[in-house]
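Asker: File name upload_36.pdb; file contents PDB, C-alpha atoms, pLDDT in the B column; full text below.
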```pdb
ATOM      1  CA  MET Y   1     -11.704  50.891  25.740  1.00 43.00           C
ATOM      2  CA  VAL Y   2     -11.750  54.596  26.557  1.00 45.00           C
ATOM      3  CA  GLY Y   3     -10.474  56.947  23.867  1.00 52.00           C
ATOM      4  CA  LEU Y   4     -10.622  54.426  21.000  1.00 50.00           C
ATOM      5  CA  SER Y   5     -13.015  54.672  18.065  1.00 57.00           C
ATOM      6  CA  ARG Y   6     -15.282  51.755  17.232  1.00 57.00           C
ATOM      7  CA  ARG Y   7     -13.059  50.873  14.268  1.00 57.00           C
ATOM      8  CA  ALA Y   8      -9.912  50.985  16.392  1.00 52.00           C
ATOM      9  CA  THR Y   9     -11.615  48.929  19.090  1.00 50.00           C
ATOM     10  CA  ALA Y  10     -12.626  46.321  16.493  1.00 52.00           C
ATOM     11  CA  ILE Y  11      -9.068  46.142  15.121  1.00 50.00           C
ATOM     12  CA  TYR Y  12      -7.667  45.848  18.631  1.00 47.00           C
ATOM     13  CA  SER Y  13     -10.147  43.084  19.538  1.00 53.00           C
ATOM     14  CA  HIS Y  14      -9.423  41.187  16.323  1.00 50.00           C
ATOM     15  CA  ALA Y  15      -5.675  41.357  16.918  1.00 53.00           C
ATOM     16  CA  TYR Y  16      -6.163  40.189  20.506  1.00 43.00           C
ATOM     17  CA  LEU Y  17      -8.286  37.224  19.408  1.00 46.00           C
ATOM     18  CA  GLU Y  18      -5.750  36.266  16.714  1.00 52.00           C
ATOM     19  CA  ALA Y  19      -2.949  36.354  19.295  1.00 48.00           C
ATOM     20  CA  LEU Y  20      -5.049  34.265  21.680  1.00 42.00           C
ATOM     21  CA  GLU Y  21      -5.820  31.718  18.943  1.00 50.00           C
ATOM     22  CA  GLU Y  22      -2.123  31.477  18.093  1.00 48.00           C
ATOM     23  CA  LEU Y  23      -1.252  30.901  21.750  1.00 42.00           C
ATOM     24  CA  VAL Y  24      -3.871  28.132  22.001  1.00 42.00           C
ATOM     25  CA  ARG Y  25      -2.584  26.579  18.762  1.00 50.00           C
ATOM     26  CA  LEU Y  26       1.011  26.509  19.992  1.00 47.00           C
ATOM     27  CA  THR Y  27      -0.096  25.055  23.334  1.00 51.00           C
ATOM     28  CA  GLU Y  28      -1.969  22.293  21.520  1.00 67.00           C
ATOM     29  CA  ILE Y  29       1.068  21.535  19.343  1.00 64.00           C
ATOM     30  CA  LYS Y  30       3.301  21.337  22.415  1.00 68.00           C
ATOM     31  CA  ASP Y  31       0.796  18.962  24.032  1.00 68.00           C
ATOM     32  CA  TYR Y  32       0.723  16.857  20.872  1.00 64.00           C
ATOM     33  CA  VAL Y  33       4.514  16.603  20.628  1.00 65.00           C
ATOM     34  CA  GLY Y  34       4.588  15.804  24.325  1.00 66.00           C
ATOM     35  CA  ARG Y  35       2.087  12.972  23.892  1.00 65.00           C
ATOM     36  CA  LEU Y  36       4.247  11.492  21.163  1.00 67.00           C
ATOM     37  CA  SER Y  37       7.066  11.253  23.760  1.00 63.00           C
ATOM     38  CA  VAL Y  38       9.689  12.118  21.141  1.00 66.00           C
ATOM     39  CA  GLU Y  39      13.347  12.813  21.877  1.00 68.00           C
ATOM     40  CA  LYS Y  40      14.999  15.739  20.127  1.00 71.00           C
ATOM     41  CA  SER Y  41      18.114  13.753  19.218  1.00 66.00           C
ATOM     42  CA  HIS Y  42      16.197  10.894  17.570  1.00 76.00           C
ATOM     43  CA  ILE Y  43      15.288  10.409  13.907  1.00 84.00           C
ATOM     44  CA  TYR Y  44      11.672   9.329  13.427  1.00 86.00           C
ATOM     45  CA  GLU Y  45      10.477   7.697  10.213  1.00 88.00           C
ATOM     46  CA  VAL Y  46       7.327   9.136   8.665  1.00 90.00           C
ATOM     47  CA  ILE Y  47       5.781   9.284   5.208  1.00 93.00           C
ATOM     48  CA  LEU Y  48       6.317  12.829   4.012  1.00 96.00           C
ATOM     49  CA  SER Y  49       3.777  14.102   1.478  1.00 95.00           C
ATOM     50  CA  THR Y  50       4.100  17.217  -0.673  1.00 96.00           C
ATOM     51  CA  PHE Y  51       2.710  18.785  -3.838  1.00 95.00           C
ATOM     52  CA  THR Y  52       4.842  19.284  -6.916  1.00 92.00           C
ATOM     53  CA  GLU Y  53       4.925  22.761  -8.453  1.00 92.00           C
ATOM     54  CA  ASP Y  54       2.078  21.766 -10.797  1.00 90.00           C
ATOM     55  CA  GLY Y  55      -0.045  20.380  -7.961  1.00 90.00           C
ATOM     56  CA  HIS Y  56       0.532  16.602  -8.120  1.00 88.00           C
ATOM     57  CA  PRO Y  57       0.777  14.795  -4.754  1.00 90.00           C
ATOM     58  CA  THR Y  58       3.903  12.817  -3.881  1.00 90.00           C
ATOM     59  CA  ALA Y  59       4.819  10.690  -0.881  1.00 92.00           C
ATOM     60  CA  ALA Y  60       8.093   9.213   0.346  1.00 91.00           C
ATOM     61  CA  PRO Y  61       9.433   7.608   3.530  1.00 91.00           C
ATOM     62  CA  MET Y  62      11.520  10.235   5.265  1.00 91.00           C
ATOM     63  CA  GLY Y  63      13.305  10.744   8.567  1.00 90.00           C
ATOM     64  CA  ILE Y  64      12.445  13.801  10.652  1.00 90.00           C
ATOM     65  CA  THR Y  65      13.814  15.173  13.902  1.00 87.00           C
ATOM     66  CA  PHE Y  66      12.189  17.582  16.341  1.00 86.00           C
ATOM     67  CA  ALA Y  67      14.116  20.818  16.818  1.00 83.00           C
ATOM     68  CA  ASP Y  68      11.822  21.749  19.709  1.00 80.00           C
ATOM     69  CA  ASP Y  69       8.175  21.392  20.722  1.00 76.00           C
ATOM     70  CA  GLU Y  70       7.021  23.611  17.861  1.00 85.00           C
ATOM     71  CA  SER Y  71       9.202  22.715  14.866  1.00 89.00           C
ATOM     72  CA  LEU Y  72      10.796  19.806  13.053  1.00 92.00           C
ATOM     73  CA  VAL Y  73      13.743  19.287  10.695  1.00 94.00           C
ATOM     74  CA  VAL Y  74      13.748  17.459   7.352  1.00 95.00           C
ATOM     75  CA  ARG Y  75      16.953  16.490   5.492  1.00 94.00           C
ATOM     76  CA  PRO Y  76      16.092  15.109   2.034  1.00 94.00           C
ATOM     77  CA  PHE Y  77      18.586  14.280  -0.695  1.00 91.00           C
ATOM     78  CA  LYS Y  78      18.950  17.202  -3.100  1.00 92.00           C
ATOM     79  CA  THR Y  79      18.194  14.884  -6.023  1.00 91.00           C
ATOM     80  CA  SER Y  80      14.828  13.863  -4.540  1.00 92.00           C
ATOM     81  CA  LEU Y  81      11.438  15.140  -5.595  1.00 92.00           C
ATOM     82  CA  THR Y  82      10.675  15.897  -1.946  1.00 94.00           C
ATOM     83  CA  PHE Y  83      13.606  18.339  -1.838  1.00 96.00           C
ATOM     84  CA  GLN Y  84      12.366  20.106  -4.973  1.00 95.00           C
ATOM     85  CA  ASN Y  85       8.812  20.286  -3.657  1.00 96.00           C
ATOM     86  CA  LEU Y  86       9.805  21.686  -0.257  1.00 97.00           C
ATOM     87  CA  LYS Y  87      11.852  24.398  -1.959  1.00 95.00           C
ATOM     88  CA  ALA Y  88       8.991  25.292  -4.291  1.00 95.00           C
ATOM     89  CA  LYS Y  89       5.888  24.886  -2.112  1.00 96.00           C
ATOM     90  CA  ARG Y  90       7.472  25.634   1.298  1.00 97.00           C
ATOM     91  CA  CYS Y  91       5.292  23.170   3.231  1.00 97.00           C
ATOM     92  CA  GLY Y  92       4.410  19.504   3.661  1.00 97.00           C
ATOM     93  CA  VAL Y  93       2.845  16.857   5.887  1.00 97.00           C
ATOM     94  CA  ALA Y  94       4.580  14.250   8.050  1.00 95.00           C
ATOM     95  CA  ASN Y  95       2.151  11.317   8.064  1.00 93.00           C
ATOM     96  CA  ILE Y  96       2.552   9.082  11.116  1.00 90.00           C
ATOM     97  CA  THR Y  97       2.123   5.322  10.893  1.00 88.00           C
ATOM     98  CA  SER Y  98       3.770   2.152  12.146  1.00 85.00           C
ATOM     99  CA  ASP Y  99       2.238   0.031   9.370  1.00 86.00           C
ATOM    100  CA  PRO Y 100       5.006  -1.411   7.132  1.00 89.00           C
ATOM    101  CA  ALA Y 101       2.507  -2.013   4.334  1.00 85.00           C
ATOM    102  CA  LEU Y 102       1.682   1.708   4.249  1.00 87.00           C
ATOM    103  CA  PHE Y 103       5.375   2.630   4.038  1.00 89.00           C
ATOM    104  CA  TYR Y 104       5.785   0.140   1.206  1.00 89.00           C
ATOM    105  CA  ALA Y 105       2.720   1.363  -0.681  1.00 86.00           C
ATOM    106  CA  ALA Y 106       3.729   5.013  -0.397  1.00 85.00           C
ATOM    107  CA  ALA Y 107       7.256   4.300  -1.616  1.00 84.00           C
ATOM    108  CA  PHE Y 108       6.549   1.857  -4.448  1.00 82.00           C
ATOM    109  CA  LYS Y 109       2.940   0.861  -5.012  1.00 71.00           C
ATOM    110  CA  TRP Y 110       0.712   3.926  -5.284  1.00 70.00           C
ATOM    111  CA  MET Y 111       1.370   4.289  -8.987  1.00 62.00           C
ATOM    112  CA  ASP Y 112      -0.834   3.732 -12.008  1.00 55.00           C
ATOM    113  CA  LYS Y 113       0.451   2.323 -15.313  1.00 57.00           C
ATOM    114  CA  ASN Y 114       1.801   5.774 -16.234  1.00 56.00           C
ATOM    115  CA  ARG Y 115       3.781   5.979 -12.956  1.00 52.00           C
ATOM    116  CA  GLU Y 116       1.412   8.672 -11.697  1.00 55.00           C
ATOM    117  CA  ILE Y 117       0.633   8.524  -7.991  1.00 58.00           C
ATOM    118  CA  LEU Y 118      -2.958   7.553  -7.221  1.00 65.00           C
ATOM    119  CA  LEU Y 119      -4.944  10.605  -6.145  1.00 67.00           C
ATOM    120  CA  ASN Y 120      -7.534   8.645  -4.154  1.00 79.00           C
ATOM    121  CA  GLN Y 121      -4.973   7.962  -1.419  1.00 84.00           C
ATOM    122  CA  PHE Y 122      -4.804  11.647  -0.452  1.00 91.00           C
ATOM    123  CA  GLU Y 123      -6.818  14.549   0.854  1.00 93.00           C
ATOM    124  CA  ARG Y 124      -5.842  18.191   1.252  1.00 94.00           C
ATOM    125  CA  ALA Y 125      -4.097  19.264   4.434  1.00 94.00           C
ATOM    126  CA  ARG Y 126      -6.048  21.527   6.786  1.00 91.00           C
ATOM    127  CA  SER Y 127      -3.535  24.336   7.272  1.00 91.00           C
ATOM    128  CA  VAL Y 128      -0.927  24.164   4.484  1.00 95.00           C
ATOM    129  CA  ASP Y 129      -0.902  23.650   0.710  1.00 95.00           C
ATOM    130  CA  ALA Y 130       0.041  19.974   0.798  1.00 96.00           C
ATOM    131  CA  PRO Y 131      -1.595  16.539   0.525  1.00 95.00           C
ATOM    132  CA  ARG Y 132      -2.057  14.217   3.458  1.00 94.00           C
ATOM    133  CA  ILE Y 133      -2.601  10.458   3.495  1.00 92.00           C
ATOM    134  CA  LYS Y 134      -6.180   9.520   4.308  1.00 90.00           C
ATOM    135  CA  VAL Y 135      -5.432   6.325   6.231  1.00 86.00           C
ATOM    136  CA  ALA Y 136      -2.430   7.526   8.275  1.00 89.00           C
ATOM    137  CA  ASP Y 137      -2.762   7.202  12.055  1.00 87.00           C
ATOM    138  CA  GLY Y 138      -1.878  10.861  12.565  1.00 87.00           C
ATOM    139  CA  CYS Y 139      -0.173  13.757  10.863  1.00 89.00           C
ATOM    140  CA  ILE Y 140       1.916  16.856  11.409  1.00 91.00           C
ATOM    141  CA  GLU Y 141       1.369  19.717   8.965  1.00 94.00           C
ATOM    142  CA  PHE Y 142       4.330  22.076   8.658  1.00 96.00           C
ATOM    143  CA  ALA Y 143       5.677  25.094   6.794  1.00 96.00           C
ATOM    144  CA  VAL Y 144       9.263  25.662   5.684  1.00 97.00           C
ATOM    145  CA  GLU Y 145      10.776  28.589   7.556  1.00 95.00           C
ATOM    146  CA  ARG Y 146      14.321  28.376   6.223  1.00 93.00           C
ATOM    147  CA  GLU Y 147      16.717  26.132   4.367  1.00 92.00           C
ATOM    148  CA  VAL Y 148      20.285  25.301   5.382  1.00 88.00           C
ATOM    149  CA  ASP Y 149      22.680  24.017   2.716  1.00 82.00           C
ATOM    150  CA  GLU Y 150      24.464  20.915   4.046  1.00 76.00           C
ATOM    151  CA  GLY Y 151      26.766  20.463   1.061  1.00 76.00           C
ATOM    152  CA  GLU Y 152      26.524  18.380  -2.087  1.00 77.00           C
ATOM    153  CA  ASP Y 153      24.186  15.624  -0.941  1.00 87.00           C
ATOM    154  CA  ARG Y 154      21.432  16.917   1.375  1.00 88.00           C
ATOM    155  CA  GLY Y 155      19.441  19.973   2.225  1.00 92.00           C
ATOM    156  CA  ARG Y 156      18.141  20.844   5.684  1.00 94.00           C
ATOM    157  CA  PHE Y 157      14.729  22.449   6.156  1.00 96.00           C
ATOM    158  CA  ILE Y 158      13.666  24.046   9.447  1.00 95.00           C
ATOM    159  CA  CYS Y 159       9.898  23.678   9.653  1.00 96.00           C
ATOM    160  CA  PRO Y 160       7.479  25.213  12.173  1.00 94.00           C
ATOM    161  CA  ILE Y 161       4.511  22.959  12.913  1.00 92.00           C
ATOM    162  CA  ARG Y 162       1.235  24.511  11.749  1.00 91.00           C
ATOM    163  CA  MET Y 163      -1.182  21.809  12.882  1.00 88.00           C
ATOM    164  CA  ALA Y 164      -1.056  18.294  14.273  1.00 86.00           C
ATOM    165  CA  GLU Y 165      -3.590  15.530  14.777  1.00 83.00           C
ATOM    166  CA  VAL Y 166      -3.254  12.874  17.447  1.00 70.00           C
ATOM    167  CA  PRO Y 167      -2.417   9.404  16.119  1.00 63.00           C
ATOM    168  CA  THR Y 168      -4.895   6.628  16.773  1.00 60.00           C
ATOM    169  CA  ILE Y 169      -2.601   4.147  18.483  1.00 59.00           C
ATOM    170  CA  SER Y 170      -3.768   0.628  19.267  1.00 57.00           C
ATOM    171  CA  VAL Y 171      -1.702  -1.518  21.590  1.00 53.00           C
ATOM    172  CA  LYS Y 172      -0.632  -4.945  20.341  1.00 59.00           C
ATOM    173  CA  PRO Y 173       2.261  -7.339  21.018  1.00 66.00           C
ATOM    174  CA  TYR Y 174       5.579  -6.401  19.435  1.00 69.00           C
ATOM    175  CA  CYS Y 175       6.602  -8.387  16.362  1.00 80.00           C
ATOM    176  CA  ARG Y 176      10.126  -8.081  14.919  1.00 88.00           C
ATOM    177  CA  SER Y 177       8.716  -8.248  11.380  1.00 90.00           C
ATOM    178  CA  THR Y 178       7.204  -4.768  11.722  1.00 89.00           C
ATOM    179  CA  PHE Y 179      10.544  -3.128  12.396  1.00 90.00           C
ATOM    180  CA  ALA Y 180      12.385  -5.291   9.854  1.00 94.00           C
ATOM    181  CA  THR Y 181       9.952  -4.561   7.030  1.00 94.00           C
ATOM    182  CA  ILE Y 182      10.019  -0.795   7.550  1.00 94.00           C
ATOM    183  CA  GLU Y 183      13.837  -0.902   7.576  1.00 95.00           C
ATOM    184  CA  CYS Y 184      13.794  -2.791   4.270  1.00 96.00           C
ATOM    185  CA  VAL Y 185      11.492  -0.242   2.646  1.00 95.00           C
ATOM    186  CA  ILE Y 186      13.763   2.621   3.730  1.00 94.00           C
ATOM    187  CA  HIS Y 187      16.916   0.804   2.605  1.00 95.00           C
ATOM    188  CA  ALA Y 188      15.396  -0.049  -0.775  1.00 95.00           C
ATOM    189  CA  THR Y 189      14.528   3.607  -1.466  1.00 92.00           C
ATOM    190  CA  ARG Y 190      18.196   4.504  -0.939  1.00 94.00           C
ATOM    191  CA  VAL Y 191      19.842   1.816  -3.069  1.00 95.00           C
ATOM    192  CA  ARG Y 192      18.924   3.563  -6.346  1.00 90.00           C
ATOM    193  CA  GLU Y 193      20.280   6.880  -5.050  1.00 91.00           C
ATOM    194  CA  TYR Y 194      23.543   5.292  -3.947  1.00 95.00           C
ATOM    195  CA  LEU Y 195      24.051   3.363  -7.185  1.00 95.00           C
ATOM    196  CA  SER Y 196      23.362   6.484  -9.254  1.00 91.00           C
ATOM    197  CA  ARG Y 197      26.143   8.252  -7.359  1.00 91.00           C
ATOM    198  CA  GLY Y 198      28.574   5.355  -7.727  1.00 93.00           C
ATOM    199  CA  TRP Y 199      28.413   4.549  -4.012  1.00 94.00           C
ATOM    200  CA  THR Y 200      28.375   0.801  -4.587  1.00 95.00           C
ATOM    201  CA  ASP Y 201      29.802  -0.008  -1.141  1.00 96.00           C
ATOM    202  CA  ARG Y 202      26.876   1.733   0.567  1.00 96.00           C
ATOM    203  CA  ALA Y 203      24.371   0.143  -1.807  1.00 97.00           C
ATOM    204  CA  ASP Y 204      25.902  -3.283  -1.178  1.00 97.00           C
ATOM    205  CA  ARG Y 205      25.674  -2.831   2.595  1.00 97.00           C
ATOM    206  CA  LEU Y 206      21.972  -1.950   2.378  1.00 97.00           C
ATOM    207  CA  THR Y 207      21.318  -4.845   0.003  1.00 97.00           C
ATOM    208  CA  LYS Y 208      22.874  -7.261   2.483  1.00 97.00           C
ATOM    209  CA  LEU Y 209      20.743  -5.789   5.272  1.00 97.00           C
ATOM    210  CA  ILE Y 210      17.600  -6.352   3.178  1.00 97.00           C
ATOM    211  CA  ASP Y 211      18.665  -9.982   2.701  1.00 96.00           C
ATOM    212  CA  TYR Y 212      19.308 -10.319   6.442  1.00 96.00           C
ATOM    213  CA  TYR Y 213      15.940  -8.866   7.413  1.00 95.00           C
ATOM    214  CA  GLY Y 214      14.283 -11.028   4.752  1.00 95.00           C
ATOM    215  CA  ASP Y 215      15.664 -14.123   6.461  1.00 95.00           C
ATOM    216  CA  LEU Y 216      14.464 -12.807   9.826  1.00 93.00           C
ATOM    217  CA  VAL Y 217      10.926 -12.139   8.599  1.00 93.00           C
ATOM    218  CA  GLY Y 218      10.831 -15.500   6.859  1.00 92.00           C
ATOM    219  CA  ARG Y 219      11.445 -17.114  10.262  1.00 91.00           C
ATOM    220  CA  VAL Y 220       9.165 -15.067  12.510  1.00 88.00           C
ATOM    221  CA  SER Y 221       6.344 -14.264  10.034  1.00 90.00           C
ATOM    222  CA  PRO Y 222       6.417 -16.851   7.237  1.00 91.00           C
ATOM    223  CA  ASP Y 223       3.896 -16.420   4.401  1.00 90.00           C
ATOM    224  CA  SER Y 224       2.763 -13.061   5.810  1.00 91.00           C
ATOM    225  CA  GLN Y 225       2.306  -9.697   4.070  1.00 90.00           C
ATOM    226  CA  TYR Y 226       5.679  -8.701   5.549  1.00 91.00           C
ATOM    227  CA  ASP Y 227       7.336 -11.729   3.981  1.00 93.00           C
ATOM    228  CA  ARG Y 228       5.754 -10.894   0.624  1.00 93.00           C
ATOM    229  CA  ILE Y 229       6.783  -7.225   0.804  1.00 94.00           C
ATOM    230  CA  ILE Y 230      10.418  -8.027   1.484  1.00 95.00           C
ATOM    231  CA  ARG Y 231      10.530 -10.617  -1.303  1.00 94.00           C
ATOM    232  CA  GLU Y 232       9.213  -7.953  -3.696  1.00 94.00           C
ATOM    233  CA  LEU Y 233      11.732  -5.424  -2.382  1.00 95.00           C
ATOM    234  CA  SER Y 234      14.576  -7.922  -2.839  1.00 96.00           C
ATOM    235  CA  ALA Y 235      13.522  -8.476  -6.457  1.00 95.00           C
ATOM    236  CA  TYR Y 236      13.343  -4.702  -6.992  1.00 95.00           C
ATOM    237  CA  VAL Y 237      16.845  -4.177  -5.579  1.00 96.00           C
ATOM    238  CA  ARG Y 238      18.291  -7.028  -7.660  1.00 96.00           C
ATOM    239  CA  GLY Y 239      16.836  -5.270 -10.699  1.00 96.00           C
ATOM    240  CA  LEU Y 240      18.602  -2.042  -9.711  1.00 96.00           C
ATOM    241  CA  TRP Y 241      21.914  -3.891  -9.518  1.00 96.00           C
ATOM    242  CA  ARG Y 242      21.344  -5.426 -12.959  1.00 95.00           C
ATOM    243  CA  GLU Y 243      20.566  -1.990 -14.407  1.00 92.00           C
ATOM    244  CA  ASN Y 244      23.691  -0.570 -12.789  1.00 90.00           C
ATOM    245  CA  GLU Y 245      25.908  -3.365 -14.134  1.00 89.00           C
ATOM    246  CA  SER Y 246      24.362  -3.040 -17.596  1.00 86.00           C
ATOM    247  CA  SER Y 247      24.935   0.727 -17.743  1.00 79.00           C
ATOM    248  CA  GLY Y 248      28.510   0.202 -16.581  1.00 66.00           C
ATOM    249  CA  GLN Y 249      29.176  -2.259 -19.387  1.00 55.00           C
ATOM    250  CA  LYS Y 250      27.698   0.090 -21.995  1.00 52.00           C
ATOM    251  CA  SER Y 251      29.957   2.922 -20.884  1.00 46.00           C
ATOM    252  CA  ILE Y 252      33.127   0.871 -21.387  1.00 41.00           C
TER     253      ILE Y 252
END
```
What's the structure tokens form of this structure?
Answerer:
Amino acid sequence: MVGLSRRATAIYSHAYLEALEELVRLTEIKDYVGRLSVEKSHIYEVILSTFTEDGHPTAAPMGITFADDESLVVRPFKTSLTFQNLKAKRCGVANITSDPALFYAAAFKWMDKNREILLNQFERARSVDAPRIKVADGCIEFAVEREVDEGEDRGRFICPIRMAEVPTISVKPYCRSTFATIECVIHATRVREYLSRGWTDRADRLTKLIDYYGDLVGRVSPDSQYDRIIRELSAYVRGLWRENESSGQKSI
């Protein structure tokens, strides 16, 4: 590099290598998203993990969409802990799995007697300040670039992908219980939110869907872990309805 000092040459070379690394990283992310065969208009269910402001890990089933090959969109309820964490920490991890038991555990079971989430289920993300689930099939680590206010109920976070790891996918015959159980977990996480807002019609519709899928799983996978999970979810949702009815009576 004629005319440049050694220091200038070193700075130039470093900047060039950083730019090259970034180009390779983005190419790898595009390849990863391509291998997932995702559609930009579709909502994909993941387990989204974040840190609270004081550094405690949290996890929740969450829908994401892909804005393009390098970024995703998250739309959590504004009352959720995930919304608060994304605003505060500006990053998170989308953990990829098709295991209904993992969705169920992340949403309801990874708690000790003090309702603290169990730390041994997580490890630190590689590229962002967030936890990731150790046993997930794959993950997408992301930062929050900007937030769009979508009104009273939800926020919208535009999130560039910082790193992604390929899921370990094993091929096996399709069973309707897998889909049905994941749907029940997602519905059950929303019933409390809907009841707290007085949206009893929405909560009732989801409760009936849980009952429907419970009947389905009872037929196609009797006495299985899926059957047990949905029975526990049904009991949990019935408890939410009892709490809601009790609070309504007290307010009269």
Asker: Given the file shown, determine the residues that the PyMOL selection byres ((chain Y and resi 138) around 9) selects; report them as a ChimeraX atom specification.
Answerer: /Y:94-97,135-137,139-140,164-169
Asker: To one decimal in Å, tell me the separation between atom CA of Lys89 of chain Y and atom CA of Thr65 of chain Y.
Answerer: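 One can read the atom CA of Lys89 of chain Y to atom CA of Thr65 of chain Y distance as 20.3 Å.
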Asker: As a check of understanding, name the residues that the PyMOL selection byres ((chain Y and resi 187) around 10) selects in the supplied structure, as a PyMOL selection string.
Answerer: chain Y and resi 181-186+188-192+203+205-207+209-210+233+237
Asker: Can you list, as a short mmCIF file (atom, residue, chain, number, x, y, z; two decimals) with C-alpha atoms, keeping the file's coordinate frame, every protein, DNA or RNA residue that comes within 12 Å of Phe122 of chain Y when you count only C-alpha atoms, leaving out same-chain residues fewer than 5 positions away?
Answerer:
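New file part-v4.cif:
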```cif
data_model
loop_
_atom_site.label_atom_id
_atom_site.label_comp_id
_atom_site.auth_asym_id
_atom_site.auth_seq_id
_atom_site.Cartn_x
_atom_site.Cartn_y
_atom_site.Cartn_z
CA SER Y 49 3.78 14.10 1.48
CA THR Y 50 4.10 17.22 -0.67
CA PHE Y 51 2.71 18.78 -3.84
CA HIS Y 56 0.53 16.60 -8.12
CA PRO Y 57 0.78 14.80 -4.75
CA THR Y 58 3.90 12.82 -3.88
CA ALA Y 59 4.82 10.69 -0.88
CA VAL Y 93 2.84 16.86 5.89
CA ASN Y 95 2.15 11.32 8.06
CA ALA Y 106 3.73 5.01 -0.40
CA TRP Y 110 0.71 3.93 -5.28
CA ILE Y 117 0.63 8.52 -7.99
CA ALA Y 130 0.04 19.97 0.80
CA PRO Y 131 -1.60 16.54 0.52
CA ARG Y 132 -2.06 14.22 3.46
CA ILE Y 133 -2.60 10.46 3.50
CA LYS Y 134 -6.18 9.52 4.31
CA VAL Y 135 -5.43 6.32 6.23
CA ALA Y 136 -2.43 7.53 8.28
#
```
Asker: Assuming 3 Å of padding per side, give the centre and edge lengths of the axis-aligned box around every listed atom of segment 199-209 of chain Y, in Å to one decimal and as AutoDock Vina command-line options.
Answerer:
```
--center_x 25.3 --center_y -1.4 --center_z 0.3 --size_x 15.1 --size_y 17.8 --size_z 15.9
```
Asker: Where does the PyMOL selection byres ((chain Y and resi 179) around 10) land in this file, that is, which residues does it pick, as a list of chain:residue names?
Answerer: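 Applied to this file, the PyMOL selection byres ((chain Y and resi 179) around 10) returns Y:Ser98, Y:Asp99, Y:Pro100, Y:Tyr174, Y:Cys175, Y:Arg176, Y:Ser177, Y:Thr178, Y:Ala180, Y:Thr181, Y:Ile182, Y:Glu183, Y:Cys184, Y:Tyr213, Y:Val217.
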Asker: Quick one, how far is atom CA of Phe108 of chain Y from atom CA of Pro222 of chain Y?
Answerer: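 Those two atoms sit 22.1 Å apart.
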Asker: So what do you get for atom CA of Ala107 of chain Y versus atom CA of Gly63 of chain Y, distance-wise?
Answerer: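 About the pair atom CA of Ala107 of chain Y and atom CA of Gly63 of chain Y: they are 13.5 Å apart.
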Asker: Counting only C-alpha atoms, what is within 6 Å of segment 152-154 of chain Y, bar same-chain residues fewer than 3 positions away, as a PyMOL selection string?
Answerer: chain Y and resi 76-78
Asker: Got a sec: who's within 8 Å of segment 158-162 of chain Y, counting only C-alpha atoms, leaving out chain neighbours fewer than 2 positions off, as a ChimeraX atom specification?
Answerer: /Y:29,70-74,91,127-128,140-148,156,164
Asker: Which is closest to Gly55 of chain Y among Y:Ile43, Y:Asn120, Y:Tyr212, Y:Asp129, if we use all atoms listed in the file?
Answerer: Y:Asp129
Asker: Identify the residues within 9 Å of coordinate (6.6, -10.1, 4.1) (same frame as the file), considering all atoms listed in the file, and give the answer as a ChimeraX atom specification.
Answerer: /Y:177,181,214,217-218,221-232
Asker: I'd like to know which of Y:Phe103, Y:Phe83, Y:Tyr236, Y:Tyr44 is closest to Pro61 of chain Y, using all atoms listed in the file.
Answerer: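 For Pro61 of chain Y, the nearest of the candidates is Y:Phe103.
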